[in-house]
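To start, the structure itself, in structure tokens.
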Amino acid sequence: MNTRTAEGIVQAARTAVEAALWAPSIHNTQPWSFGVSGDEICLRADPDRKLRVSDPTGRQMTISCGAALFNVRITLQALGYEPQVRRFPDPERPLLLATVRVRPGREPGEHTRLLHAEIERRRTHRSGFTALPVPDRLVDSLVAEAAAENDGHLMPIGSEAAARVLAALTGAAQDVQSQNRLFVLELMRWARPPGSSRRDGVPAAGYPTDPRRTHPQHFAQRDYARGHEWGMAPDERVSASTGLVALLTTAGDGREDWLRAGEALQRMLLHASAYGVSVAFHTQALEMPELREFIRMHLCSGEAPQMIMRLGFVIDESESVRRAASDVMD
């Protein structure tokens with residue numbers, strides 16, 4: 001643990017930023033930048049990494065940055081500091097999403113250390129799961145983790161009919177987007193070919209070469225390869241299950257709700273990772289306003305859907321890449 005000297009505080013801030021880089025982001029765009037000045041960390045959205053076609057409002061970009069913000073917070077707590085967070089502190093600077101001041105804290109508890117240890121271990125999954133179900137007790141704890149972040153609401157989908165609807169909407173959105181040249185070009189910008197030295201985007205080993213159908217519901221996967229024989233060989237014998245379908249929702253649907261949704265998401269993901277549970281994301285339907293509104297009205301009791309996901313156990317995890325801290329910090 002760092003001492004409470006000025007030098008120790010600056011080092012803790014830099015360590016927290018390095019941890020933030022491991023947060024999940026849409027297509028691994030890593031749409032953030034950071035500033036460290038004394039005891040203060042600034043988190044900014046990077047508009048050059050925004051998905052202008054599929055995310056024109058910046059909702060997914062802001063959720064991604066919220067996940068990075070949670071990594072900053074939990075890392076400082078694990079180092080024995082207390083993060084004092086101000087979200088959207090300056091209306092005149094819309095890209096400034098949050099500032100975090102590093103204050104003296106207390107010895108981290110076991111749960112804080114548990115979550116912090118998973119930051120670099122957590123991986124996004126892009127295929128089927130094994131048939132092993134996620135235990136109900138663990139599902140309840142994941143719901144509680146999301147709720148701990150200011151009304152984040154994780155909704156496990158227990159109804160097969162509702163899961164079928166989400167799967168069908170995901171497939172419909174995927175089919176529509178695959179026929180839209182601008183959507184396709186945007187997706188391909190973030191698809192990394194084998195051997196690429198880039199430290200962002202989705203690596204070729206991060207998804208199956210030929211995605212197999214999962215059961216009982218099949219959720220369409222992004223076509224990052226787009227006709228190329230990229231990807232890893234799927235093992236449909238043991239990884240053919242849909243897993244547990246879930247929605248992450250918020251009561252409101254403004255920029256602060258999106259940022260807090262990202263914090264809730266990351267808290268839940270780290271807790272899941274600690275117990276061996278992986279998560280696959282399916283945001284296609286939420287990128288189409290008409291489908292997102294349909295989901296809000298008919299499946300979310302009027303709350304705003306922020307993420308569609310599947311949870312389960314896997315045999316092997318995919319690789320992940322991140323930019324260096326020097327590329328995102330000033």
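Every chain in the structure tokens has a letter given in the order shown (A, B, ...), and although residue numbers restart at 1 in each chain, ligands are simply numbered from 1 in the order shown.
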
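For segment 8-11 of chain A, the list of residues within 10 Å, based on only C-alpha atoms and with local chain neighbours fewer than 4 positions off taken out, reads A:Met1, A:Asn2, A:Thr3, A:Arg4, A:Thr15, A:Ala16, A:Val17, A:Val36, A:Ser37, A:Gly38, A:Asp39, A:Glu40, A:Ile41, A:Leu76, A:Leu79, A:Tyr81, A:Arg101, A:Val102, A:Arg103, A:Pro104.
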
Atoms kept (N, CA, C and O atoms) for selection, written as a PDB file, in the first residue's frame:
ATOM      1  N   MET A   1       0.847  -1.199   0.000  1.00  0.00           N
ATOM      2  CA  MET A   1       0.000   0.000   0.000  1.00  0.00           C
ATOM      3  C   MET A   1       0.877   1.242   0.000  1.00  0.00           C
ATOM      4  O   MET A   1       1.880   1.308   0.707  1.00  0.00           O
ATOM      5  N   ASN A   2       0.497   2.268  -0.783  1.00  0.00           N
ATOM      6  CA  ASN A   2       1.277   3.480  -0.830  1.00  0.00           C
ATOM      7  C   ASN A   2       1.123   4.280   0.458  1.00  0.00           C
ATOM      8  O   ASN A   2       0.082   4.258   1.104  1.00  0.00           O
ATOM      9  N   THR A   3       2.178   5.001   0.819  1.00  0.00           N
ATOM     10  CA  THR A   3       2.067   5.920   1.940  1.00  0.00           C
ATOM     11  C   THR A   3       1.273   7.130   1.489  1.00  0.00           C
ATOM     12  O   THR A   3       1.069   7.363   0.292  1.00  0.00           O
ATOM     13  N   ARG A   4       0.844   7.982   2.449  1.00  0.00           N
ATOM     14  CA  ARG A   4      -0.028   9.109   2.114  1.00  0.00           C
ATOM     15  C   ARG A   4       0.777  10.357   1.757  1.00  0.00           C
ATOM     16  O   ARG A   4       0.335  11.470   1.963  1.00  0.00           O
ATOM     17  N   THR A  15      -1.611   4.472 -11.046  1.00  0.00           N
ATOM     18  CA  THR A  15      -1.946   3.040 -10.987  1.00  0.00           C
ATOM     19  C   THR A  15      -3.427   2.836 -11.278  1.00  0.00           C
ATOM     20  O   THR A  15      -3.812   1.875 -11.971  1.00  0.00           O
ATOM     21  N   ALA A  16      -4.266   3.739 -10.779  1.00  0.00           N
ATOM     22  CA  ALA A  16      -5.707   3.636 -11.023  1.00  0.00           C
ATOM     23  C   ALA A  16      -6.034   3.827 -12.503  1.00  0.00           C
ATOM     24  O   ALA A  16      -6.901   3.134 -13.055  1.00  0.00           O
ATOM     25  N   VAL A  17      -5.335   4.746 -13.160  1.00  0.00           N
ATOM     26  CA  VAL A  17      -5.554   4.948 -14.593  1.00  0.00           C
ATOM     27  C   VAL A  17      -5.124   3.710 -15.379  1.00  0.00           C
ATOM     28  O   VAL A  17      -5.808   3.273 -16.314  1.00  0.00           O
ATOM     29  N   VAL A  36      -3.893  13.391 -15.103  1.00  0.00           N
ATOM     30  CA  VAL A  36      -3.535  13.282 -13.686  1.00  0.00           C
ATOM     31  C   VAL A  36      -2.790  14.542 -13.298  1.00  0.00           C
ATOM     32  O   VAL A  36      -1.748  14.866 -13.878  1.00  0.00           O
ATOM     33  N   SER A  37      -3.341  15.262 -12.333  1.00  0.00           N
ATOM     34  CA  SER A  37      -2.717  16.480 -11.845  1.00  0.00           C
ATOM     35  C   SER A  37      -2.771  16.475 -10.327  1.00  0.00           C
ATOM     36  O   SER A  37      -3.851  16.627  -9.734  1.00  0.00           O
ATOM     37  N   GLY A  38      -1.628  16.242  -9.715  1.00  0.00           N
ATOM     38  CA  GLY A  38      -1.599  16.160  -8.262  1.00  0.00           C
ATOM     39  C   GLY A  38      -2.460  15.021  -7.771  1.00  0.00           C
ATOM     40  O   GLY A  38      -2.247  13.862  -8.151  1.00  0.00           O
ATOM     41  N   ASP A  39      -3.464  15.351  -6.962  1.00  0.00           N
ATOM     42  CA  ASP A  39      -4.322  14.303  -6.388  1.00  0.00           C
ATOM     43  C   ASP A  39      -5.618  14.133  -7.167  1.00  0.00           C
ATOM     44  O   ASP A  39      -6.557  13.503  -6.674  1.00  0.00           O
ATOM     45  N   GLU A  40      -5.696  14.664  -8.381  1.00  0.00           N
ATOM     46  CA  GLU A  40      -6.941  14.601  -9.144  1.00  0.00           C
ATOM     47  C   GLU A  40      -6.751  13.862 -10.464  1.00  0.00           C
ATOM     48  O   GLU A  40      -5.787  14.093 -11.192  1.00  0.00           O
ATOM     49  N   ILE A  41      -7.717  12.983 -10.758  1.00  0.00           N
ATOM     50  CA  ILE A  41      -7.782  12.268 -12.030  1.00  0.00           C
ATOM     51  C   ILE A  41      -8.975  12.811 -12.808  1.00  0.00           C
ATOM     52  O   ILE A  41     -10.071  12.960 -12.253  1.00  0.00           O
ATOM     53  N   LEU A  76      -8.252   2.529  -6.383  1.00  0.00           N
ATOM     54  CA  LEU A  76      -7.866   3.441  -5.290  1.00  0.00           C
ATOM     55  C   LEU A  76      -8.276   2.858  -3.937  1.00  0.00           C
ATOM     56  O   LEU A  76      -7.506   2.928  -2.967  1.00  0.00           O
ATOM     57  N   LEU A  79      -5.929   0.251  -2.840  1.00  0.00           N
ATOM     58  CA  LEU A  79      -4.648   0.809  -2.396  1.00  0.00           C
ATOM     59  C   LEU A  79      -4.762   1.553  -1.069  1.00  0.00           C
ATOM     60  O   LEU A  79      -3.774   2.088  -0.570  1.00  0.00           O
ATOM     61  N   TYR A  81      -6.992   4.160  -0.461  1.00  0.00           N
ATOM     62  CA  TYR A  81      -7.414   5.543  -0.628  1.00  0.00           C
ATOM     63  C   TYR A  81      -8.927   5.605  -0.818  1.00  0.00           C
ATOM     64  O   TYR A  81      -9.574   4.600  -1.125  1.00  0.00           O
ATOM     65  N   ARG A 101     -10.863  12.765  -6.972  1.00  0.00           N
ATOM     66  CA  ARG A 101      -9.801  13.207  -6.066  1.00  0.00           C
ATOM     67  C   ARG A 101      -9.394  12.041  -5.172  1.00  0.00           C
ATOM     68  O   ARG A 101     -10.239  11.304  -4.670  1.00  0.00           O
ATOM     69  N   VAL A 102      -8.102  11.901  -4.982  1.00  0.00           N
ATOM     70  CA  VAL A 102      -7.552  10.807  -4.173  1.00  0.00           C
ATOM     71  C   VAL A 102      -7.415  11.291  -2.743  1.00  0.00           C
ATOM     72  O   VAL A 102      -6.636  12.209  -2.467  1.00  0.00           O
ATOM     73  N   ARG A 103      -8.162  10.688  -1.857  1.00  0.00           N
ATOM     74  CA  ARG A 103      -8.164  11.088  -0.451  1.00  0.00           C
ATOM     75  C   ARG A 103      -7.740   9.910   0.427  1.00  0.00           C
ATOM     76  O   ARG A 103      -7.880   8.746   0.028  1.00  0.00           O
ATOM     77  N   PRO A 104      -7.227  10.205   1.618  1.00  0.00           N
ATOM     78  CA  PRO A 104      -6.867   9.096   2.526  1.00  0.00           C
ATOM     79  C   PRO A 104      -8.080   8.219   2.795  1.00  0.00           C
ATOM     80  O   PRO A 104      -9.202   8.711   2.942  1.00  0.00           O
TER      81      PRO A 104
END

(request) May I have all residues of segment 238-323 of chain A that DSSP, computed from the backbone, assigns to alpha helix (DSSP H), given as a PyMOL selection string? (result) chain A and resi 255-274+289-299

(message) Need to verify the contact set: Pro289 of chain A, 12 Å, only C-alpha atoms, exclusion of same-chain residues closer than 6 positions in sequence. Can you return it as number ranges by chain?
(response) A: 54-57, 59, 173, 283, 295-296, 304-305

(message) Using only C-alpha atoms, can you tell me which of A:Ala246, A:Ala272, A:Leu51, A:Ala98 comes closest to Val184 of chain A?
(response) A:Leu51

(message) With only C-alpha atoms as the counted atoms, please give the residues lying no more than 10 Å from Glu186 of chain A, apart from itself and same-chain residues fewer than 3 positions off, as number ranges by chain.
(response) A: 51-54, 181-183, 189-191

Please, could you write that set of residues out with N, CA, C and O atoms as a PDB file, in the first residue's frame?
ATOM      1  N   LEU A  51     -18.422   5.639 -31.956  1.00  0.00           N
ATOM      2  CA  LEU A  51     -19.030   4.973 -33.100  1.00  0.00           C
ATOM      3  C   LEU A  51     -20.142   5.878 -33.633  1.00  0.00           C
ATOM      4  O   LEU A  51     -21.257   5.881 -33.117  1.00  0.00           O
ATOM      5  N   ARG A  52     -19.832   6.627 -34.670  1.00  0.00           N
ATOM      6  CA  ARG A  52     -20.757   7.665 -35.127  1.00  0.00           C
ATOM      7  C   ARG A  52     -21.988   7.089 -35.817  1.00  0.00           C
ATOM      8  O   ARG A  52     -23.032   7.742 -35.863  1.00  0.00           O
ATOM      9  N   VAL A  53     -21.892   5.883 -36.344  1.00  0.00           N
ATOM     10  CA  VAL A  53     -23.039   5.270 -37.018  1.00  0.00           C
ATOM     11  C   VAL A  53     -23.924   4.536 -36.023  1.00  0.00           C
ATOM     12  O   VAL A  53     -25.129   4.765 -35.950  1.00  0.00           O
ATOM     13  N   SER A  54     -23.328   3.642 -35.225  1.00  0.00           N
ATOM     14  CA  SER A  54     -24.120   2.806 -34.320  1.00  0.00           C
ATOM     15  C   SER A  54     -24.339   3.438 -32.950  1.00  0.00           C
ATOM     16  O   SER A  54     -25.177   2.957 -32.184  1.00  0.00           O
ATOM     17  N   ARG A 181     -24.086  -0.354 -45.416  1.00  0.00           N
ATOM     18  CA  ARG A 181     -22.663  -0.193 -45.715  1.00  0.00           C
ATOM     19  C   ARG A 181     -21.934   0.588 -44.629  1.00  0.00           C
ATOM     20  O   ARG A 181     -20.793   0.259 -44.268  1.00  0.00           O
ATOM     21  N   LEU A 182     -22.562   1.614 -44.086  1.00  0.00           N
ATOM     22  CA  LEU A 182     -21.898   2.432 -43.067  1.00  0.00           C
ATOM     23  C   LEU A 182     -21.691   1.641 -41.778  1.00  0.00           C
ATOM     24  O   LEU A 182     -20.644   1.751 -41.134  1.00  0.00           O
ATOM     25  N   PHE A 183     -22.687   0.852 -41.386  1.00  0.00           N
ATOM     26  CA  PHE A 183     -22.526  -0.013 -40.216  1.00  0.00           C
ATOM     27  C   PHE A 183     -21.367  -0.977 -40.429  1.00  0.00           C
ATOM     28  O   PHE A 183     -20.530  -1.182 -39.552  1.00  0.00           O
ATOM     29  N   ARG A 189     -13.643  -1.262 -39.082  1.00  0.00           N
ATOM     30  CA  ARG A 189     -12.570  -0.397 -38.569  1.00  0.00           C
ATOM     31  C   ARG A 189     -11.971  -0.965 -37.291  1.00  0.00           C
ATOM     32  O   ARG A 189     -10.795  -0.778 -37.003  1.00  0.00           O
ATOM     33  N   TRP A 190     -12.808  -1.671 -36.525  1.00  0.00           N
ATOM     34  CA  TRP A 190     -12.365  -2.166 -35.219  1.00  0.00           C
ATOM     35  C   TRP A 190     -12.116  -3.673 -35.214  1.00  0.00           C
ATOM     36  O   TRP A 190     -11.996  -4.273 -34.151  1.00  0.00           O
ATOM     37  N   ALA A 191     -12.037  -4.283 -36.387  1.00  0.00           N
ATOM     38  CA  ALA A 191     -11.709  -5.706 -36.492  1.00  0.00           C
ATOM     39  C   ALA A 191     -10.230  -5.841 -36.833  1.00  0.00           C
ATOM     40  O   ALA A 191      -9.783  -5.335 -37.864  1.00  0.00           O
TER      41      ALA A 191
END

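Across A:Ala168, A:Ala20, A:Cys65, A:Ala12, the tightest approach to Gly262 of chain A is made by A:Cys65 when counting only C-alpha atoms.
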
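Using only C-alpha atoms for every distance, the candidate list A:Glu287, A:Glu229, A:Asp330, A:Asp175 yields A:Glu229 as the residue closest to Tyr207 of chain A.
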
(message) Going by DSSP on the backbone, which residues of segment 3-224 of chain A come out as strand (DSSP E)? List them as a VMD selection string.
(response) chain A and resid 32 to 37 40 to 45 81 to 87 96 to 104 153 to 156

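Closest approach to Gln84 of chain A from the set A:Ala144, A:Ala172, A:Leu69, A:Val328 is made by A:Leu69, with distances taken over only C-alpha atoms.
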
(message) as a PyMOL selection string, please: the residues near Thr249 of chain A (cut-off 9 Å, only C-alpha atoms, same-chain neighbours under 2 positions excluded).
(response) chain A and resi 151-155+247+251-252+261+296+300+303-307

(message) Counting only C-alpha atoms, which residue out of A:Met61, A:Val277, A:Ile26, A:Leu97 sits closest to Cys42 of chain A?
(response) A:Leu97

Write out as a Markdown table the residues of segment 106-167 of chain A that have any atom within 8 Å of an atom of segment 263-266 of chain A, one row each with the nearest atom pair and its distance in Å to one decimal, counting only C-alpha atoms, sorted by chain and then rising number.
| residue | atom | partner | partner_atom | distance |
| --- | --- | --- | --- | --- |
| A:Glu145 | CA | A:Ala264 | CA | 7.2 |
| A:Ala146 | CA | A:Ala264 | CA | 4.7 |
| A:Ala147 | CA | A:Ala264 | CA | 7.2 |
| A:Ala148 | CA | A:Ala264 | CA | 7.4 |
| A:Glu149 | CA | A:Ala264 | CA | 5.1 |
| A:Asn150 | CA | A:Ala264 | CA | 7.9 |
| A:Gly152 | CA | A:Ala264 | CA | 5.6 |

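Counting only C-alpha atoms, the residue from A:Arg14, A:Trp32, A:Arg322, A:Val314 that sits nearest to Ser197 of chain A is A:Arg322.
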